[in-house]
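Q: Have a peek at query-v9.txt (compact mmCIF, C-alpha atoms).
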# COMPACT_ATOMS: atom_id res chain seq x y z
CA MET A 1 0.00 0.00 0.00
CA ALA A 2 1.06 3.60 -0.52
CA ARG A 3 2.03 5.57 2.58
CA ILE A 4 2.88 9.10 3.64
CA THR A 5 6.49 9.21 4.76
CA ALA A 6 6.85 12.88 5.63
CA SER A 7 5.38 16.34 5.38
CA VAL A 8 7.22 19.48 4.34
CA TYR A 9 6.09 23.05 5.02
CA THR A 10 7.52 26.12 3.35
CA SER A 11 6.71 29.62 2.18
CA HIS A 12 6.61 30.08 -1.60
CA VAL A 13 7.59 33.74 -2.15
CA PRO A 14 8.05 34.53 -5.88
CA ALA A 15 11.18 36.63 -5.23
CA ILE A 16 12.90 33.48 -3.95
CA GLY A 17 12.32 31.86 -7.33
CA ALA A 18 13.63 34.94 -9.10
CA ALA A 19 16.76 34.94 -6.88
CA ILE A 20 17.46 31.29 -7.79
CA ASP A 21 16.75 31.78 -11.49
CA GLN A 22 18.91 34.92 -11.72
CA GLY A 23 21.85 33.44 -9.76
CA LYS A 24 21.50 35.81 -6.80
CA THR A 25 21.54 33.22 -4.00
CA ALA A 26 25.05 34.26 -2.87
CA GLU A 27 24.03 37.91 -2.42
CA PRO A 28 24.09 39.02 1.25
CA TYR A 29 20.33 39.65 1.22
CA TRP A 30 19.61 36.04 0.26
CA VAL A 31 22.42 34.08 1.98
CA PRO A 32 20.64 33.55 5.33
CA LEU A 33 17.49 32.35 3.58
CA PHE A 34 19.14 29.75 1.38
CA LYS A 35 21.32 28.57 4.28
CA GLY A 36 18.08 27.53 5.98
CA TYR A 37 17.34 25.12 3.11
CA GLU A 38 20.77 23.46 2.81
CA TYR A 39 19.79 20.68 5.20
CA SER A 40 16.48 20.30 3.37
CA LYS A 41 18.11 19.67 0.00
CA GLN A 42 20.36 17.05 1.55
CA TRP A 43 17.39 15.47 3.34
CA MET A 44 15.46 15.44 0.06
CA GLN A 45 18.25 13.52 -1.69
CA GLU A 46 18.39 10.98 1.11
CA ASN A 47 14.62 10.62 1.39
CA LYS A 48 13.47 10.77 -2.22
CA PRO A 49 9.75 10.06 -2.41
CA ASP A 50 7.96 8.35 -5.28
CA VAL A 51 5.36 11.12 -5.44
CA ILE A 52 4.93 14.59 -3.90
CA PHE A 53 1.39 15.72 -3.12
CA LEU A 54 1.90 19.48 -3.22
CA VAL A 55 -0.67 21.79 -1.62
CA TYR A 56 -0.32 25.36 -2.88
CA ASN A 57 -2.40 28.23 -4.16
CA ASP A 58 -2.73 29.66 -7.62
CA HIS A 59 -2.12 33.43 -7.76
CA ALA A 60 -4.55 34.50 -10.50
CA THR A 61 -2.55 32.43 -12.98
CA ALA A 62 -4.44 29.28 -14.00
CA PHE A 63 -7.65 30.51 -12.36
CA SER A 64 -8.94 34.00 -13.11
CA LEU A 65 -12.28 35.22 -11.78
CA GLU A 66 -13.99 33.05 -14.40
CA LEU A 67 -13.60 30.02 -12.19
CA ILE A 68 -12.67 29.89 -8.49
CA PRO A 69 -12.43 26.32 -7.20
CA THR A 70 -11.95 26.01 -3.45
CA PHE A 71 -10.00 22.75 -3.78
CA ALA A 72 -8.61 21.62 -7.16
CA ILE A 73 -6.62 18.44 -7.77
CA GLY A 74 -4.41 18.13 -10.85
CA THR A 75 -4.90 14.74 -12.48
CA ALA A 76 -3.00 15.45 -15.72
CA ALA A 77 0.11 13.63 -16.94
CA GLU A 78 2.05 16.88 -16.96
CA PHE A 79 1.75 20.56 -16.07
CA GLN A 80 3.49 23.44 -17.84
CA VAL A 81 5.29 26.16 -15.92
CA ALA A 82 3.18 29.32 -16.16
CA ASP A 83 4.18 32.71 -17.56
CA GLU A 84 3.15 35.01 -14.71
CA GLY A 85 3.97 38.15 -16.65
CA TYR A 86 7.76 38.00 -16.41
CA GLY A 87 8.10 34.94 -18.69
CA PRO A 88 7.93 31.33 -17.43
CA ARG A 89 10.48 30.37 -14.75
CA PRO A 90 13.36 28.38 -16.33
CA VAL A 91 12.54 25.22 -14.39
CA PRO A 92 11.53 21.72 -15.53
CA LYS A 93 7.92 21.01 -16.39
CA VAL A 94 6.00 19.16 -13.72
CA ILE A 95 5.23 15.50 -14.33
CA GLY A 96 2.00 14.40 -12.68
CA HIS A 97 0.80 11.06 -11.38
CA PRO A 98 -2.62 10.64 -13.02
CA GLU A 99 -3.32 7.21 -11.50
CA LEU A 100 -2.72 8.17 -7.88
CA ALA A 101 -4.29 11.61 -8.37
CA SER A 102 -7.48 10.10 -9.81
CA HIS A 103 -7.58 7.56 -7.01
CA ILE A 104 -7.26 10.32 -4.40
CA ALA A 105 -9.94 12.40 -6.13
CA GLN A 106 -12.42 9.54 -6.11
CA SER A 107 -11.68 8.59 -2.52
CA VAL A 108 -11.74 12.12 -1.12
CA ILE A 109 -14.98 13.05 -2.92
CA GLN A 110 -16.60 9.90 -1.54
CA ASP A 111 -15.32 11.08 1.84
CA ASP A 112 -17.48 14.27 1.49
CA PHE A 113 -14.91 16.76 0.13
CA ASP A 114 -16.10 18.19 -3.19
CA LEU A 115 -12.87 18.55 -5.16
CA THR A 116 -12.61 20.13 -8.58
CA ILE A 117 -10.76 17.82 -10.97
CA VAL A 118 -8.35 19.58 -13.30
CA ASN A 119 -6.87 17.94 -16.38
CA LYS A 120 -5.24 21.04 -17.86
CA MET A 121 -3.52 23.62 -15.70
CA ASP A 122 -0.33 25.66 -15.73
CA VAL A 123 1.41 25.84 -12.37
CA ASP A 124 2.81 29.07 -10.93
CA HIS A 125 5.43 30.04 -8.34
CA GLY A 126 3.23 28.70 -5.55
CA LEU A 127 4.16 25.22 -6.73
CA THR A 128 7.56 25.69 -8.38
CA VAL A 129 9.31 27.78 -5.69
CA PRO A 130 8.94 25.04 -3.02
CA LEU A 131 10.31 22.50 -5.53
CA SER A 132 13.30 24.77 -6.21
CA LEU A 133 13.95 25.30 -2.50
CA MET A 134 13.87 21.57 -1.75
CA CYS A 135 15.46 20.20 -4.95
CA GLY A 136 17.76 22.95 -6.22
CA GLN A 137 18.11 23.32 -9.99
CA PRO A 138 17.87 19.81 -11.50
CA GLN A 139 17.26 19.00 -15.18
CA ALA A 140 14.07 17.24 -14.13
CA TRP A 141 12.19 17.22 -10.80
CA PRO A 142 13.10 14.11 -8.79
CA CYS A 143 9.62 12.53 -8.93
CA PRO A 144 6.04 13.05 -10.11
CA VAL A 145 4.06 15.79 -8.38
CA ILE A 146 0.31 16.01 -7.79
CA PRO A 147 -0.66 19.70 -7.69
CA PHE A 148 -3.42 20.51 -5.22
CA ALA A 149 -4.59 24.12 -5.52
CA VAL A 150 -6.52 25.84 -2.73
CA ASN A 151 -8.40 29.10 -3.19
CA VAL A 152 -6.89 31.70 -0.92
CA VAL A 153 -7.46 34.63 -3.29
CA GLN A 154 -11.18 35.32 -2.88
CA TYR A 155 -12.57 35.34 0.65
CA PRO A 156 -13.80 33.17 2.27
CA VAL A 157 -10.99 30.70 1.87
CA PRO A 158 -11.61 27.27 3.43
CA SER A 159 -11.33 27.24 7.22
CA GLY A 160 -8.36 25.77 9.03
CA ARG A 161 -10.66 23.16 10.47
CA ARG A 162 -11.86 22.12 7.00
CA CYS A 163 -8.30 21.97 5.70
CA PHE A 164 -7.21 19.82 8.64
CA MET A 165 -10.09 17.39 8.02
CA LEU A 166 -9.28 17.31 4.31
CA GLY A 167 -5.71 16.30 5.14
CA GLN A 168 -7.10 13.34 7.06
CA ALA A 169 -9.21 12.32 4.07
CA ILE A 170 -6.18 12.60 1.77
CA ARG A 171 -4.25 10.31 4.12
CA ARG A 172 -7.03 7.69 3.97
CA ALA A 173 -7.05 7.97 0.19
CA ILE A 174 -3.30 7.50 -0.17
CA GLU A 175 -3.25 4.55 2.22
CA SER A 176 -5.92 2.77 0.17
CA TYR A 177 -3.80 2.86 -3.01
CA ASP A 178 -2.45 -0.58 -3.85
CA GLU A 179 0.99 0.27 -5.20
CA PRO A 180 3.63 0.62 -2.42
CA LEU A 181 4.48 4.26 -3.10
CA LYS A 182 6.30 6.57 -0.71
CA VAL A 183 4.39 9.85 -0.75
CA GLN A 184 5.37 13.19 0.75
CA ILE A 185 2.74 15.83 1.37
CA TRP A 186 3.82 19.46 1.25
CA GLY A 187 1.93 22.45 2.61
CA THR A 188 3.10 25.80 1.24
CA GLY A 189 2.49 29.56 1.45
CA GLY A 190 2.73 32.11 4.28
CA MET A 191 4.01 32.97 6.75
CA SER A 192 2.93 36.43 7.90
CA HIS A 193 2.67 38.91 5.05
CA GLN A 194 0.39 41.55 3.63
CA LEU A 195 0.76 42.76 0.06
CA GLN A 196 -1.93 45.41 -0.05
CA GLY A 197 -2.97 48.75 1.34
CA PRO A 198 -1.32 51.00 3.93
CA ARG A 199 -0.77 47.94 6.15
CA ALA A 200 1.43 46.28 3.47
CA GLY A 201 4.65 44.87 4.90
CA LEU A 202 3.12 43.52 8.10
CA ILE A 203 5.24 40.80 9.74
CA ASN A 204 4.48 39.06 13.02
CA ALA A 205 7.42 36.82 13.91
CA GLU A 206 6.06 36.03 17.37
CA TRP A 207 2.72 34.82 15.99
CA ASP A 208 4.45 32.88 13.21
CA ASN A 209 6.70 31.04 15.64
CA LYS A 210 3.78 30.20 17.84
CA PHE A 211 2.04 28.84 14.73
CA LEU A 212 5.06 26.61 14.05
CA ASP A 213 5.08 25.39 17.68
CA ARG A 214 1.39 24.59 17.57
CA LEU A 215 1.51 23.00 14.11
CA ILE A 216 4.04 20.53 15.47
CA ALA A 217 2.53 19.89 18.90
CA GLU A 218 -1.20 20.66 18.84
CA PRO A 219 -2.43 20.87 15.25
CA ALA A 220 -6.03 19.97 16.09
CA ALA A 221 -6.32 22.97 18.41
CA LEU A 222 -4.51 25.18 15.88
CA SER A 223 -7.00 24.18 13.20
CA GLN A 224 -9.76 25.88 15.23
CA VAL A 225 -8.19 29.35 14.79
CA PRO A 226 -10.67 31.49 12.80
CA HIS A 227 -9.79 33.39 9.60
CA ILE A 228 -9.96 36.75 11.28
CA GLU A 229 -7.05 35.93 13.57
CA TYR A 230 -4.84 35.15 10.57
CA VAL A 231 -5.82 38.45 8.94
CA ARG A 232 -5.34 40.55 12.07
CA GLU A 233 -2.14 38.91 13.30
CA ALA A 234 -0.41 37.61 10.16
CA GLY A 235 -1.68 39.98 7.46
CA SER A 236 -4.29 39.57 4.75
CA GLU A 237 -2.07 37.20 2.75
CA GLY A 238 -0.90 35.32 5.87
CA ILE A 239 -4.16 33.40 5.55
CA GLU A 240 -2.29 31.14 3.10
CA LEU A 241 -1.14 29.29 6.22
CA VAL A 242 -4.40 27.32 6.33
CA MET A 243 -2.83 25.20 3.58
CA TRP A 244 -0.21 23.92 6.02
CA LEU A 245 -3.04 22.31 7.99
CA ILE A 246 -3.90 20.06 5.03
CA ALA A 247 -0.41 18.56 5.09
CA ARG A 248 -0.40 18.32 8.88
CA GLY A 249 -3.80 16.60 8.92
CA ALA A 250 -2.37 13.84 6.71
CA MET A 251 0.27 12.81 9.26
CA ALA A 252 0.07 9.51 11.15
CA ASP A 253 -0.47 10.88 14.65
CA ILE A 254 -3.77 12.48 13.64
CA ALA A 255 -5.09 8.99 12.85
CA GLY A 256 -3.90 7.55 16.15
CA GLY A 257 -0.28 6.81 15.17
CA LYS A 258 2.97 8.01 16.66
CA PRO A 259 3.88 11.70 16.73
CA PRO A 260 6.10 12.79 13.83
CA VAL A 261 9.81 13.51 14.23
CA LEU A 262 10.85 17.12 13.68
CA LYS A 263 13.79 16.90 11.26
CA HIS A 264 14.21 20.59 10.52
CA ARG A 265 12.83 23.97 11.52
CA PHE A 266 13.74 27.34 10.03
CA PHE A 267 12.41 30.88 10.19
CA HIS A 268 13.67 34.03 8.50
CA VAL A 269 12.53 37.61 7.86
CA PRO A 270 12.29 38.89 5.18
CA ALA A 271 12.05 37.49 1.71
CA SER A 272 10.69 40.48 -0.20
CA ASN A 273 7.44 41.24 1.72
CA THR A 274 7.19 37.98 3.61
CA ALA A 275 8.25 36.01 6.67
CA VAL A 276 9.63 32.63 5.60
CA GLY A 277 8.91 29.52 7.67
CA HIS A 278 9.93 25.95 7.01
CA LEU A 279 9.46 22.57 8.72
CA ILE A 280 10.16 18.95 7.88
CA LEU A 281 8.18 16.35 9.83
CA GLU A 282 8.77 12.63 9.33
CA ASN A 283 6.38 9.84 10.18
CA THR A 284 8.07 7.07 12.10
CA GLN A 285 7.66 3.57 10.69
CA MET B 1 -29.75 37.89 7.68
CA ALA B 2 -26.61 39.84 6.85
CA LEU B 3 -23.32 38.06 6.28
CA ASN B 4 -20.80 38.13 9.09
CA LYS B 5 -17.82 40.28 8.03
CA PRO B 6 -15.53 40.50 11.04
CA TYR B 7 -12.67 41.82 8.88
CA LEU B 8 -14.03 45.31 8.20
CA ASP B 9 -12.25 46.87 11.21
CA VAL B 10 -8.69 45.89 10.21
CA PRO B 11 -6.87 49.15 9.35
CA GLY B 12 -5.31 49.67 5.92
CA THR B 13 -6.72 46.39 4.67
CA THR B 14 -9.41 45.42 2.16
CA ILE B 15 -10.49 41.80 2.18
CA PHE B 16 -11.28 40.60 -1.33
CA ASP B 17 -14.64 39.00 -0.66
CA ALA B 18 -17.52 38.17 -2.98
CA GLU B 19 -18.80 41.76 -2.87
CA GLN B 20 -15.41 43.26 -3.84
CA SER B 21 -14.98 40.56 -6.47
CA ARG B 22 -18.30 41.45 -8.07
CA LYS B 23 -17.40 45.15 -8.14
CA GLY B 24 -13.97 44.45 -9.57
CA TYR B 25 -14.79 41.70 -12.04
CA HIS B 26 -13.93 43.57 -15.25
CA LEU B 27 -11.01 45.43 -13.67
CA ASN B 28 -9.45 42.15 -12.57
CA GLN B 29 -10.18 40.42 -15.86
CA PHE B 30 -8.54 43.33 -17.70
CA CYS B 31 -5.47 42.72 -15.51
CA MET B 32 -5.63 39.03 -16.38
CA SER B 33 -5.51 39.88 -20.10
CA LEU B 34 -2.02 41.30 -19.52
CA MET B 35 -0.74 37.75 -19.04
CA LYS B 36 -0.44 37.65 -22.85
CA ALA B 37 2.56 39.39 -24.41
CA GLU B 38 0.52 40.72 -27.37
CA ASN B 39 -1.98 42.33 -24.99
CA ARG B 40 0.81 43.88 -22.92
CA ALA B 41 2.18 45.42 -26.12
CA ARG B 42 -1.22 46.79 -27.17
CA PHE B 43 -1.87 48.18 -23.66
CA LYS B 44 1.52 49.90 -23.56
CA ALA B 45 1.01 51.40 -27.03
CA ASP B 46 -2.25 53.13 -26.02
CA GLU B 47 -3.42 52.50 -22.47
CA ARG B 48 -6.63 54.51 -22.69
CA LYS B 49 -7.71 52.82 -25.91
CA TYR B 50 -7.03 49.37 -24.48
CA LEU B 51 -8.93 50.15 -21.28
CA ASP B 52 -11.91 51.38 -23.32
CA GLU B 53 -12.30 47.85 -24.68
CA TRP B 54 -13.33 46.77 -21.17
CA PRO B 55 -16.67 47.48 -19.47
CA MET B 56 -14.92 49.07 -16.50
CA SER B 57 -16.10 52.19 -14.69
CA GLU B 58 -14.38 55.50 -15.49
CA ASP B 59 -13.08 55.55 -11.88
CA GLN B 60 -11.49 52.16 -12.38
CA LYS B 61 -9.86 53.25 -15.64
CA GLN B 62 -8.49 56.43 -14.04
CA ALA B 63 -7.11 54.44 -11.11
CA VAL B 64 -5.29 52.12 -13.52
CA LEU B 65 -3.91 55.00 -15.60
CA ALA B 66 -2.64 56.66 -12.39
CA ARG B 67 -1.27 53.32 -11.11
CA ASP B 68 -3.09 54.12 -7.87
CA LEU B 69 -3.24 50.62 -6.42
CA ASN B 70 -5.06 51.63 -3.24
CA ARG B 71 -7.80 53.17 -5.36
CA CYS B 72 -7.87 50.08 -7.62
CA ILE B 73 -8.37 47.90 -4.54
CA ALA B 74 -11.14 50.14 -3.21
CA LEU B 75 -12.87 49.72 -6.58
CA GLY B 76 -12.75 45.93 -6.44
CA GLY B 77 -9.24 45.14 -7.60
CA ASN B 78 -7.29 42.28 -6.07
CA ILE B 79 -3.54 42.50 -5.58
CA TYR B 80 -2.76 39.23 -7.35
CA PHE B 81 -4.57 40.53 -10.43
CA LEU B 82 -3.22 44.09 -10.13
CA ALA B 83 0.26 42.57 -10.01
CA LYS B 84 -0.10 41.89 -13.75
CA ILE B 85 -0.05 45.67 -14.33
CA GLY B 86 3.13 45.85 -12.26
CA ALA B 87 4.70 43.05 -14.28
CA THR B 88 3.78 44.90 -17.48
CA ASP B 89 5.53 47.99 -16.08
CA GLY B 90 8.53 45.90 -15.03
CA ARG B 91 7.98 46.49 -11.31
CA SER B 92 8.61 43.96 -8.54
CA PHE B 93 6.02 42.86 -6.02
CA GLN B 94 7.92 44.74 -3.35
CA GLN B 95 7.76 47.96 -5.36
CA MET B 96 4.02 47.49 -5.82
CA ALA B 97 3.36 46.73 -2.15
CA GLY B 98 5.49 49.67 -1.08
CA SER B 99 3.64 52.06 -3.41
CA MET B 100 0.47 51.60 -1.35
CA THR B 101 2.08 52.88 1.85
CA GLY B 102 3.34 56.24 0.62
CA MET B 103 6.88 55.21 1.51
CA SER B 104 9.68 55.45 -1.01
CA GLU B 105 11.01 52.20 -2.40
CA GLU B 106 14.08 52.48 -0.18
CA GLU B 107 12.06 53.28 2.95
CA TYR B 108 9.81 50.29 2.38
CA ARG B 109 12.71 47.95 1.66
CA ASN B 110 14.48 49.11 4.82
CA MET B 111 11.34 48.53 6.87
CA MET B 112 11.21 44.94 5.61
CA ILE B 113 14.91 44.31 6.28
CA SER B 114 14.40 45.61 9.83
CA GLY B 115 11.73 42.99 10.45
CA GLY B 116 8.69 44.42 8.70
CA ARG B 117 5.73 46.41 9.95
CA SER B 118 4.67 45.64 13.51
CA ALA B 119 1.17 44.42 14.24
CA GLU B 120 1.15 46.65 17.33
CA GLY B 121 -1.46 49.35 16.93
CA ASN B 122 -2.42 47.91 13.55
CA ARG B 123 -4.91 45.23 14.55
CA TYR B 124 -8.07 47.34 14.89
CA VAL B 125 -9.23 50.61 13.36
CA GLY B 126 -8.89 53.34 15.99
CA GLU B 127 -5.53 52.28 17.41
CA ASP B 128 -2.42 54.36 16.74
CA GLY B 129 -0.21 52.13 14.54
CA ASP B 130 1.49 53.33 11.36
CA ALA B 131 -1.11 51.71 9.07
CA GLN B 132 -3.99 53.72 10.56
CA ALA B 133 -5.81 56.22 8.33
CA HIS B 134 -4.72 59.26 10.35
CA ARG B 135 -1.07 58.38 9.80
CA GLN B 136 -1.10 58.27 5.97
CA PRO B 137 0.93 58.70 3.87
CA GLN B 138 3.86 57.05 5.61
CA GLY B 139 7.57 57.71 5.33
CA ALA B 140 9.10 61.00 4.19
CA ALA B 141 5.93 61.78 2.18
CA GLY B 142 3.99 61.94 5.45
CA ARG B 143 6.47 64.25 7.13
CA LYS B 144 6.42 66.98 4.49
CA GLY B 145 4.42 70.10 5.25
Go through the file and emit its structure as structure tokens.

A:
Amino acid sequence: MARITASVYTSHVPAIGAAIDQGKTAEPYWVPLFKGYEYSKQWMQENKPDVIFLVYNDHATAFSLELIPTFAIGTAAEFQVADEGYGPRPVPKVIGHPELASHIAQSVIQDDFDLTIVNKMDVDHGLTVPLSLMCGQPQAWPCPVIPFAVNVVQYPVPSGRRCFMLGQAIRRAIESYDEPLKVQIWGTGGMSHQLQGPRAGLINAEWDNKFLDRLIAEPAALSQVPHIEYVREAGSEGIELVMWLIARGAMADIAGGKPPVLKHRFFHVPASNTAVGHLILENTQ
Amino acid sequence: MALNKPYLDVPGTTIFDAEQSRKGYHLNQFCMSLMKAENRARFKADERKYLDEWPMSEDQKQAVLARDLNRCIALGGNIYFLAKIGATDGRSFQQMAGSMTGMSEEEYRNMMISGGRSAEGNRYVGEDGDAQAHRQPQGAAGRKG
């Protein structure tokens, strides 16, 4: 049977992608940030999964206001890297896993989560920046990726509670897949940031670090935090953090297993307008 | 019964909800059209003419021409869509975000390097933080006169 081996959490700031693509990672501004991902790249090489289930949000790229799915699962064989207005990032195209993705879609919908199934979709920095941070600049990404897009553009976004429950349904779906695949689930976006209005530039390192503590130790209680607290404390775009609860909900301890092992924790301010947070949690066998 | 909107008392912040989205539909879809290189070229060649192809309000068109992002947001724009105008102009996300505070690019960048804007005084309308209405514009622009 397939199983979830680990979950990875990281911000997905577009400027990080631009710094990698333009060879600026050794500049003093960026050095501390990329240092925080050195361990992660090593860990990734030593713990290569068969599939990554990558939770992210589209930033008015594949989805305009014509169509706003709350939860969308990519079931295509491949996904092109989007042109977000500056030209597509020079990174490999994303190879999907249509069989596992379709299996998860069917299972999760039968488990009462009404997913939108997407067979054609370009993927933006929300998905490719985490891959770059964890995998560097390879010719091809190390394994197939299932993109899972969450609406965090138009309010109301799904609640933390709903995201946490969805993660549990995704875990059940993956564990009912016959092939013995090692699957990682990634939750991306955040941490505190606000990109709009006179309050742009808001950062709340104390709140972010408490979020990291609670995500590790008491995710069920954390999932009860209402939207308005994210907006007030972590900025209007800090609400992206609800996506981390999907990945956390898919870990073994939530279904009665052992608590995960914290392999890595990192926090840095700023990357452009944003506080960057990063965790790696491993399920124990 | 009215919808619960607990986010209306956050200073300097507009939550892009269904009501804003309805107001800003054509404005945001115009922005979306700038994802195509040929449309960017046509927009740059004659901005007014390009905007007139869209059923946007005159206020919305003026806000775009002035690159007044706060005004665009008040009229239903969403920052992820408005960012396409910035990309067309060759501006970074940090430049766009900074432009809404009144700070110069350098002032805004320095604020971020020093740890960003504090949430203190900026959680509720009526407090005294730097994002409150009575303290705009920020930076050197707010100190003049």

Q: Mind running range 42-114 of chain B against range 144-166 of chain A at 12 Å and telling me each contacting residue's nearest atom pair with the distance in Å (one decimal), counting all atoms listed in the file, chain and number ascending, as a Markdown table?

A:
| residue | atom | partner | partner_atom | distance |
| --- | --- | --- | --- | --- |
| B:Gly76 | CA | A:Gln154 | CA | 11.3 |
| B:Gly77 | CA | A:Gln154 | CA | 11.1 |
| B:Asn78 | CA | A:Val153 | CA | 8.1 |
| B:Ile79 | CA | A:Val153 | CA | 9.1 |
| B:Tyr80 | CA | A:Val153 | CA | 7.7 |
| B:Phe81 | CA | A:Val153 | CA | 9.7 |

Q: Range 4-17 of chain A: which residues within 6 Å, counting only C-alpha atoms, same-chain residues fewer than 4 positions away excluded, as an NGL selection string?

A: :A and (125-126 or 129-130 or 183-190 or 276-283)

Q: Residues of chain A no more than 10 Å from chain B, counting all atoms listed in the file: send them over as a PyMOL selection string.

A: chain A and resi 14-15+29+58-61+63-66+82-87+152-157+192-205+207+227-229+231-237+268-275

Q: Could you jot down the CA of Asp208 in chain A to CA of Gly126 in chain B separation for me, Å, one decimal place?

A: 24.6 Å

Q: For the atom pair CA of Ile170 in chain A and CA of Pro92 in chain A, what is the interatomic distance in Å to one decimal place?

A: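 So the answer is 26.4 Å.
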
Q: Taking the block just given, write range 125-139 of chain B to a file that holds N, CA and C atoms, as a PDB file, in the first residue's frame.

A:
ATOM      1  N   VAL B 125      -9.037  49.199  13.689  1.00  0.00           N
ATOM      2  CA  VAL B 125      -9.228  50.614  13.363  1.00  0.00           C
ATOM      3  C   VAL B 125      -9.409  51.371  14.676  1.00  0.00           C
ATOM      4  N   GLY B 126      -8.742  52.525  14.789  1.00  0.00           N
ATOM      5  CA  GLY B 126      -8.889  53.338  15.993  1.00  0.00           C
ATOM      6  C   GLY B 126      -7.689  53.266  16.913  1.00  0.00           C
ATOM      7  N   GLU B 127      -6.787  52.301  16.654  1.00  0.00           N
ATOM      8  CA  GLU B 127      -5.530  52.283  17.412  1.00  0.00           C
ATOM      9  C   GLU B 127      -4.573  53.308  16.776  1.00  0.00           C
ATOM     10  N   ASP B 128      -3.311  53.291  17.208  1.00  0.00           N
ATOM     11  CA  ASP B 128      -2.419  54.357  16.741  1.00  0.00           C
ATOM     12  C   ASP B 128      -1.216  53.845  15.944  1.00  0.00           C
ATOM     13  N   GLY B 129      -1.322  52.670  15.327  1.00  0.00           N
ATOM     14  CA  GLY B 129      -0.206  52.127  14.539  1.00  0.00           C
ATOM     15  C   GLY B 129      -0.004  52.892  13.231  1.00  0.00           C
ATOM     16  N   ASP B 130       1.113  52.574  12.558  1.00  0.00           N
ATOM     17  CA  ASP B 130       1.487  53.335  11.359  1.00  0.00           C
ATOM     18  C   ASP B 130       0.614  53.033  10.142  1.00  0.00           C
ATOM     19  N   ALA B 131      -0.227  51.999  10.217  1.00  0.00           N
ATOM     20  CA  ALA B 131      -1.114  51.706   9.069  1.00  0.00           C
ATOM     21  C   ALA B 131      -2.477  52.377   9.214  1.00  0.00           C
ATOM     22  N   GLN B 132      -2.695  53.080  10.313  1.00  0.00           N
ATOM     23  CA  GLN B 132      -3.995  53.720  10.557  1.00  0.00           C
ATOM     24  C   GLN B 132      -4.203  54.914   9.625  1.00  0.00           C
ATOM     25  N   ALA B 133      -5.460  55.180   9.323  1.00  0.00           N
ATOM     26  CA  ALA B 133      -5.805  56.218   8.335  1.00  0.00           C
ATOM     27  C   ALA B 133      -5.204  57.580   8.692  1.00  0.00           C
ATOM     28  N   HIS B 134      -5.200  57.910   9.987  1.00  0.00           N
ATOM     29  CA  HIS B 134      -4.724  59.257  10.352  1.00  0.00           C
ATOM     30  C   HIS B 134      -3.206  59.388  10.252  1.00  0.00           C
ATOM     31  N   ARG B 135      -2.535  58.309   9.911  1.00  0.00           N
ATOM     32  CA  ARG B 135      -1.072  58.384   9.797  1.00  0.00           C
ATOM     33  C   ARG B 135      -0.585  58.180   8.364  1.00  0.00           C
ATOM     34  N   GLN B 136      -1.476  58.414   7.385  1.00  0.00           N
ATOM     35  CA  GLN B 136      -1.096  58.265   5.971  1.00  0.00           C
ATOM     36  C   GLN B 136      -0.825  59.645   5.362  1.00  0.00           C
ATOM     37  N   PRO B 137       0.034  59.759   4.341  1.00  0.00           N
ATOM     38  CA  PRO B 137       0.928  58.697   3.875  1.00  0.00           C
ATOM     39  C   PRO B 137       2.086  58.507   4.839  1.00  0.00           C
ATOM     40  N   GLN B 138       2.742  57.368   4.717  1.00  0.00           N
ATOM     41  CA  GLN B 138       3.857  57.045   5.608  1.00  0.00           C
ATOM     42  C   GLN B 138       5.182  57.506   5.006  1.00  0.00           C
ATOM     43  N   GLY B 139       6.225  57.395   5.808  1.00  0.00           N
ATOM     44  CA  GLY B 139       7.571  57.706   5.333  1.00  0.00           C
ATOM     45  C   GLY B 139       7.769  59.205   5.176  1.00  0.00           C
TER      46      GLY B 139
END
